Amino acid sequence: PPAARGRGGPPAAPAAAAGSGSDLSDEELKRKTESLFQEYTSTLDKAEALQCVRELSAPGFMPRLVEVCLDLALNSIKDKERDALLELLLHLNAKEVVSATDIVSGLATYTVQLEDLSMDFPKGPQQLGGFLGAAVASGALSLEVLPQLLEGDASAEPKRNFGAAALKVLKEKVGGDEGLANACSAVDLHAEEMFKPDPELDAGLPSTAEWLASEGLSSVPL
């Protein structure tokens, strides 16, 4: 199956997870992480989830923890559960348990293969893009990570789906077109560099300017 579904990574050796800072193996950490996130979707107790993550005592495992959380969110049937998991990641960042680098690393595992992701989860690019927009709006991430997350070899359409979702959420949070334009200019963000159609892969797609207009994102600099 495409790598985008349920990324569990390579089988873990029984030894402690390399670089995690924990005495537990990678597989044990993954099981504990899945358990705490599943418990959280039932209780929605952020304080308890935060304590459980801290008790893992595995700072080097945090990028993988982000991956596990995103995987559960993508596989979630209920919007409420998905939103709660993504909100928890931002809470863990606000409490300085999960860093911006951890979040970007976890997201990049999916965005480097947006084509596969969109086949496994048709709304996956939009869902992760919306999370990125919320993360930027909350101050957890900088908008300058958007081009970095779109460096995969996917065609323009899944990249546009991801980017539009992120920019629409950000636009709503920063006060509309002017706020979005200022946010983009502050990090020298240009849409054409990220979303330009490939003549071979993207025949029939509208130009970047036409696409931005259709999405209500004309304030994003070309």
# chains A, B, ... in the order shown; residues from 1 in each chain; ligands from 1
call {"tool": "residues_around", "arguments": {"residues": "Gly139 of chain A", "least_positions_apart": "2", "cutoff": "10 Å", "atoms": "only C-alpha atoms", "output": "VMD selection string"}}
result
chain A and resid 90 93 to 94 100 133 to 137 141 to 143
call {"tool": "closest_atom_pairs", "arguments": {"of": "segment 79-107 of chain A", "to": "segment 40-43 of chain A", "cutoff": "10 Å", "atoms": "only C-alpha atoms", "output": "JSON lines"}}
result
{"residue": "A:Lys80", "atom": "CA", "partner": "A:Thr41", "partner_atom": "CA", "distance": 8.7}
{"residue": "A:Glu81", "atom": "CA", "partner": "A:Thr41", "partner_atom": "CA", "distance": 5.7}
{"residue": "A:Arg82", "atom": "CA", "partner": "A:Thr41", "partner_atom": "CA", "distance": 8.5}
{"residue": "A:Asp83", "atom": "CA", "partner": "A:Thr41", "partner_atom": "CA", "distance": 9.7}
{"residue": "A:Ala84", "atom": "CA", "partner": "A:Thr41", "partner_atom": "CA", "distance": 6.9}
{"residue": "A:Leu85", "atom": "CA", "partner": "A:Thr41", "partner_atom": "CA", "distance": 7.1}
{"residue": "A:Leu88", "atom": "CA", "partner": "A:Tyr40", "partner_atom": "CA", "distance": 8.9}
call {"tool": "write_last_selection", "arguments": {"atoms": "C-alpha atoms", "output": "PDB file, in the first residue's frame"}}
result
ATOM      1  CA  LYS A  80     -14.623  16.067  16.430  1.00  0.00           C
ATOM      2  CA  GLU A  81     -11.901  13.513  17.179  1.00  0.00           C
ATOM      3  CA  ARG A  82      -9.691  14.768  14.358  1.00  0.00           C
ATOM      4  CA  ASP A  83     -10.007  18.375  15.477  1.00  0.00           C
ATOM      5  CA  ALA A  84      -9.328  17.407  19.098  1.00  0.00           C
ATOM      6  CA  LEU A  85      -6.115  15.569  18.178  1.00  0.00           C
ATOM      7  CA  LEU A  88      -3.787  18.751  21.321  1.00  0.00           C
TER       8      LEU A  88
END
call {"tool": "closest_residue", "arguments": {"among": "A:Lys30, A:His91, A:Lys159, A:Lys78", "to": "Val112 of chain A", "atoms": "only C-alpha atoms"}}
result
A:Lys159
call {"tool": "residues_around", "arguments": {"residues": "Leu74 of chain A", "least_positions_apart": "5", "cutoff": "8 Å", "atoms": "only C-alpha atoms", "output": "PyMOL selection string"}}
result
chain A and resi 82+121+124+127
call {"tool": "closest_atom_pairs", "arguments": {"of": "segment 124-172 of chain A", "to": "segment 179-184 of chain A", "cutoff": "9 Å", "atoms": "only C-alpha atoms", "output": "JSON lines"}}
result
{"residue": "A:Leu143", "atom": "CA", "partner": "A:Cys184", "partner_atom": "CA", "distance": 7.3}
{"residue": "A:Glu144", "atom": "CA", "partner": "A:Cys184", "partner_atom": "CA", "distance": 8.3}
{"residue": "A:Leu167", "atom": "CA", "partner": "A:Leu180", "partner_atom": "CA", "distance": 7.7}
{"residue": "A:Lys168", "atom": "CA", "partner": "A:Leu180", "partner_atom": "CA", "distance": 8.8}
{"residue": "A:Leu170", "atom": "CA", "partner": "A:Leu180", "partner_atom": "CA", "distance": 6.8}
{"residue": "A:Lys171", "atom": "CA", "partner": "A:Leu180", "partner_atom": "CA", "distance": 5.1}
{"residue": "A:Glu172", "atom": "CA", "partner": "A:Leu180", "partner_atom": "CA", "distance": 8.6}
call {"tool": "write_last_selection", "arguments": {"atoms": "all heavy atoms", "output": "PDB file, in the first residue's frame"}}
result
ATOM      1  N   LEU A 143       4.930  30.950   8.886  1.00  0.00           N
ATOM      2  CA  LEU A 143       4.422  30.703   7.543  1.00  0.00           C
ATOM      3  C   LEU A 143       5.544  30.344   6.572  1.00  0.00           C
ATOM      4  O   LEU A 143       5.294  29.728   5.532  1.00  0.00           O
ATOM      5  CB  LEU A 143       3.654  31.935   7.046  1.00  0.00           C
ATOM      6  CG  LEU A 143       2.912  31.819   5.714  1.00  0.00           C
ATOM      7  CD1 LEU A 143       1.924  30.663   5.725  1.00  0.00           C
ATOM      8  CD2 LEU A 143       2.215  33.134   5.383  1.00  0.00           C
ATOM      9  N   GLU A 144       6.765  30.668   6.924  1.00  0.00           N
ATOM     10  CA  GLU A 144       7.879  30.386   6.022  1.00  0.00           C
ATOM     11  C   GLU A 144       8.121  28.881   5.848  1.00  0.00           C
ATOM     12  O   GLU A 144       8.862  28.479   4.947  1.00  0.00           O
ATOM     13  CB  GLU A 144       9.159  31.068   6.512  1.00  0.00           C
ATOM     14  CG  GLU A 144       9.688  30.541   7.819  1.00  0.00           C
ATOM     15  CD  GLU A 144      10.870  31.357   8.326  1.00  0.00           C
ATOM     16  OE1 GLU A 144      11.340  32.249   7.575  1.00  0.00           O
ATOM     17  OE2 GLU A 144      11.316  31.117   9.449  1.00  0.00           O
ATOM     18  N   LEU A 167      -3.818  28.617   3.944  1.00  0.00           N
ATOM     19  CA  LEU A 167      -3.937  30.066   3.778  1.00  0.00           C
ATOM     20  C   LEU A 167      -5.332  30.569   4.127  1.00  0.00           C
ATOM     21  O   LEU A 167      -5.494  31.673   4.644  1.00  0.00           O
ATOM     22  CB  LEU A 167      -3.566  30.438   2.342  1.00  0.00           C
ATOM     23  CG  LEU A 167      -2.085  30.203   1.984  1.00  0.00           C
ATOM     24  CD1 LEU A 167      -1.868  30.306   0.480  1.00  0.00           C
ATOM     25  CD2 LEU A 167      -1.181  31.192   2.718  1.00  0.00           C
ATOM     26  N   LYS A 168      -6.368  29.750   3.880  1.00  0.00           N
ATOM     27  CA  LYS A 168      -7.729  30.168   4.231  1.00  0.00           C
ATOM     28  C   LYS A 168      -7.918  30.243   5.746  1.00  0.00           C
ATOM     29  O   LYS A 168      -8.539  31.176   6.259  1.00  0.00           O
ATOM     30  CB  LYS A 168      -8.745  29.198   3.618  1.00  0.00           C
ATOM     31  CG  LYS A 168      -8.948  29.379   2.127  1.00  0.00           C
ATOM     32  CD  LYS A 168      -9.932  28.342   1.591  1.00  0.00           C
ATOM     33  CE  LYS A 168     -10.144  28.489   0.109  1.00  0.00           C
ATOM     34  NZ  LYS A 168     -11.076  27.460  -0.419  1.00  0.00           N
ATOM     35  N   LEU A 170      -5.523  30.736   7.904  1.00  0.00           N
ATOM     36  CA  LEU A 170      -4.729  31.877   8.351  1.00  0.00           C
ATOM     37  C   LEU A 170      -5.448  33.194   8.048  1.00  0.00           C
ATOM     38  O   LEU A 170      -5.486  34.102   8.894  1.00  0.00           O
ATOM     39  CB  LEU A 170      -3.360  31.848   7.675  1.00  0.00           C
ATOM     40  CG  LEU A 170      -2.381  32.919   8.121  1.00  0.00           C
ATOM     41  CD1 LEU A 170      -2.101  32.838   9.623  1.00  0.00           C
ATOM     42  CD2 LEU A 170      -1.065  32.807   7.340  1.00  0.00           C
ATOM     43  N   LYS A 171      -6.034  33.285   6.864  1.00  0.00           N
ATOM     44  CA  LYS A 171      -6.767  34.497   6.486  1.00  0.00           C
ATOM     45  C   LYS A 171      -7.882  34.799   7.482  1.00  0.00           C
ATOM     46  O   LYS A 171      -8.071  35.948   7.899  1.00  0.00           O
ATOM     47  CB  LYS A 171      -7.352  34.322   5.077  1.00  0.00           C
ATOM     48  CG  LYS A 171      -8.223  35.484   4.611  1.00  0.00           C
ATOM     49  CD  LYS A 171      -8.799  35.212   3.221  1.00  0.00           C
ATOM     50  CE  LYS A 171      -9.784  36.285   2.790  1.00  0.00           C
ATOM     51  NZ  LYS A 171     -10.326  36.027   1.428  1.00  0.00           N
ATOM     52  N   GLU A 172      -8.594  33.772   7.888  1.00  0.00           N
ATOM     53  CA  GLU A 172      -9.686  33.950   8.846  1.00  0.00           C
ATOM     54  C   GLU A 172      -9.176  34.425  10.201  1.00  0.00           C
ATOM     55  O   GLU A 172      -9.807  35.248  10.865  1.00  0.00           O
ATOM     56  CB  GLU A 172     -10.428  32.617   9.014  1.00  0.00           C
ATOM     57  CG  GLU A 172     -11.591  32.667   9.986  1.00  0.00           C
ATOM     58  CD  GLU A 172     -12.258  31.325  10.174  1.00  0.00           C
ATOM     59  OE1 GLU A 172     -11.971  30.399   9.395  1.00  0.00           O
ATOM     60  OE2 GLU A 172     -13.058  31.192  11.115  1.00  0.00           O
TER      61      GLU A 172
END
call {"tool": "select_by_dssp", "arguments": {"residues": "segment 62-117 of chain A", "states": "helix (DSSP H, G or I)", "output": "JSON, numbers by chain"}}
result
{"A": [62, 63, 64, 65, 66, 67, 68, 69, 70, 71, 72, 73, 74, 75, 79, 80, 81, 82, 83, 84, 85, 86, 87, 88, 89, 90, 91, 92, 93, 94, 100, 101, 102, 103, 104, 105, 106, 107, 108, 109, 110, 111, 114, 115, 116, 117]}
call {"tool": "residues_around", "arguments": {"residues": "segment 210-213 of chain A", "least_positions_apart": "4", "cutoff": "10 Å", "atoms": "only C-alpha atoms", "output": "PDB file with C-alpha atoms, in the first residue's frame"}}
result
ATOM      1  CA  ARG A 160      -2.765  23.653  -3.999  1.00  0.00           C
ATOM      2  CA  ALA A 164      -5.228  26.778   0.071  1.00  0.00           C
ATOM      3  CA  ALA A 191       2.444  31.719  -4.636  1.00  0.00           C
ATOM      4  CA  PHE A 195       1.798  26.392  -6.920  1.00  0.00           C
ATOM      5  CA  LYS A 196       2.772  26.926 -10.561  1.00  0.00           C
ATOM      6  CA  LEU A 205      -5.155  23.380 -14.378  1.00  0.00           C
ATOM      7  CA  PRO A 206      -5.790  27.135 -14.184  1.00  0.00           C
ATOM      8  CA  LEU A 217      -6.838  34.188  -1.946  1.00  0.00           C
ATOM      9  CA  SER A 218      -5.925  36.932  -4.415  1.00  0.00           C
ATOM     10  CA  SER A 219      -4.199  38.871  -1.625  1.00  0.00           C
ATOM     11  CA  VAL A 220      -1.403  36.245  -1.585  1.00  0.00           C
ATOM     12  CA  PRO A 221       1.547  37.733  -3.531  1.00  0.00           C
ATOM     13  CA  LEU A 222       2.328  36.027  -6.827  1.00  0.00           C
TER      14      LEU A 222
END
call {"tool": "closest_residue", "arguments": {"among": "A:Pro63, A:Ala209, A:Leu92, A:Ser155", "to": "Glu48 of chain A", "atoms": "only C-alpha atoms"}}
result
A:Leu92
call {"tool": "atom_distance", "arguments": {"atom1": "atom CA of Gln38 of chain A", "atom2": "atom CA of Arg64 of chain A"}}
result
16.0 Å
call {"tool": "residues_around", "arguments": {"residues": "Leu114 of chain A", "least_positions_apart": "5", "cutoff": "9 Å", "atoms": "only C-alpha atoms", "output": "PyMOL selection string"}}
result
chain A and resi 4+119+124-125+150+152-155+158-159+162
call {"tool": "atom_distance", "arguments": {"atom1": "atom CA of Leu149 of chain A", "atom2": "atom CA of Leu107 of chain A"}}
result
7.5 Å
call {"tool": "decode", "arguments": {"residues": "segment 79-97 of chain A", "atoms": "N, CA and C atoms", "output": "PDB file, in the first residue's frame"}}
result
ATOM      1  N   ASP A  79     -15.101  14.067  12.765  1.00  0.00           N
ATOM      2  CA  ASP A  79     -14.430  15.366  12.691  1.00  0.00           C
ATOM      3  C   ASP A  79     -14.036  15.859  14.078  1.00  0.00           C
ATOM      4  N   LYS A  80     -14.895  15.609  15.066  1.00  0.00           N
ATOM      5  CA  LYS A  80     -14.623  16.067  16.430  1.00  0.00           C
ATOM      6  C   LYS A  80     -13.333  15.464  16.970  1.00  0.00           C
ATOM      7  N   GLU A  81     -13.123  14.175  16.711  1.00  0.00           N
ATOM      8  CA  GLU A  81     -11.901  13.513  17.179  1.00  0.00           C
ATOM      9  C   GLU A  81     -10.684  14.068  16.456  1.00  0.00           C
ATOM     10  N   ARG A  82     -10.814  14.254  15.139  1.00  0.00           N
ATOM     11  CA  ARG A  82      -9.691  14.768  14.358  1.00  0.00           C
ATOM     12  C   ARG A  82      -9.305  16.162  14.852  1.00  0.00           C
ATOM     13  N   ASP A  83     -10.288  17.015  15.020  1.00  0.00           N
ATOM     14  CA  ASP A  83     -10.007  18.375  15.477  1.00  0.00           C
ATOM     15  C   ASP A  83      -9.375  18.373  16.866  1.00  0.00           C
ATOM     16  N   ALA A  84      -9.866  17.470  17.736  1.00  0.00           N
ATOM     17  CA  ALA A  84      -9.328  17.407  19.098  1.00  0.00           C
ATOM     18  C   ALA A  84      -7.862  16.984  19.090  1.00  0.00           C
ATOM     19  N   LEU A  85      -7.505  16.025  18.255  1.00  0.00           N
ATOM     20  CA  LEU A  85      -6.115  15.569  18.178  1.00  0.00           C
ATOM     21  C   LEU A  85      -5.202  16.684  17.672  1.00  0.00           C
ATOM     22  N   LEU A  86      -5.643  17.400  16.655  1.00  0.00           N
ATOM     23  CA  LEU A  86      -4.818  18.472  16.103  1.00  0.00           C
ATOM     24  C   LEU A  86      -4.695  19.632  17.098  1.00  0.00           C
ATOM     25  N   GLU A  87      -5.769  19.903  17.831  1.00  0.00           N
ATOM     26  CA  GLU A  87      -5.704  20.933  18.877  1.00  0.00           C
ATOM     27  C   GLU A  87      -4.738  20.525  19.982  1.00  0.00           C
ATOM     28  N   LEU A  88      -4.697  19.226  20.277  1.00  0.00           N
ATOM     29  CA  LEU A  88      -3.787  18.751  21.321  1.00  0.00           C
ATOM     30  C   LEU A  88      -2.336  18.977  20.924  1.00  0.00           C
ATOM     31  N   LEU A  89      -2.004  18.767  19.665  1.00  0.00           N
ATOM     32  CA  LEU A  89      -0.626  19.026  19.221  1.00  0.00           C
ATOM     33  C   LEU A  89      -0.236  20.476  19.474  1.00  0.00           C
ATOM     34  N   LEU A  90      -1.139  21.393  19.190  1.00  0.00           N
ATOM     35  CA  LEU A  90      -0.838  22.806  19.432  1.00  0.00           C
ATOM     36  C   LEU A  90      -0.703  23.080  20.925  1.00  0.00           C
ATOM     37  N   HIS A  91      -1.496  22.391  21.739  1.00  0.00           N
ATOM     38  CA  HIS A  91      -1.394  22.532  23.192  1.00  0.00           C
ATOM     39  C   HIS A  91      -0.038  22.019  23.678  1.00  0.00           C
ATOM     40  N   LEU A  92       0.401  20.888  23.144  1.00  0.00           N
ATOM     41  CA  LEU A  92       1.696  20.323  23.541  1.00  0.00           C
ATOM     42  C   LEU A  92       2.833  21.264  23.143  1.00  0.00           C
ATOM     43  N   ASN A  93       2.647  21.957  22.019  1.00  0.00           N
ATOM     44  CA  ASN A  93       3.649  22.949  21.616  1.00  0.00           C
ATOM     45  C   ASN A  93       3.637  24.144  22.555  1.00  0.00           C
ATOM     46  N   ALA A  94       2.443  24.611  22.912  1.00  0.00           N
ATOM     47  CA  ALA A  94       2.341  25.763  23.816  1.00  0.00           C
ATOM     48  C   ALA A  94       2.960  25.459  25.175  1.00  0.00           C
ATOM     49  N   LYS A  95       2.918  24.185  25.584  1.00  0.00           N
ATOM     50  CA  LYS A  95       3.502  23.764  26.858  1.00  0.00           C
ATOM     51  C   LYS A  95       4.965  23.357  26.716  1.00  0.00           C
ATOM     52  N   GLU A  96       5.533  23.593  25.520  1.00  0.00           N
ATOM     53  CA  GLU A  96       6.960  23.369  25.244  1.00  0.00           C
ATOM     54  C   GLU A  96       7.378  21.909  25.409  1.00  0.00           C
ATOM     55  N   VAL A  97       6.449  21.009  25.101  1.00  0.00           N
ATOM     56  CA  VAL A  97       6.766  19.581  25.098  1.00  0.00           C
ATOM     57  C   VAL A  97       7.084  19.127  23.676  1.00  0.00           C
TER      58      VAL A  97
END
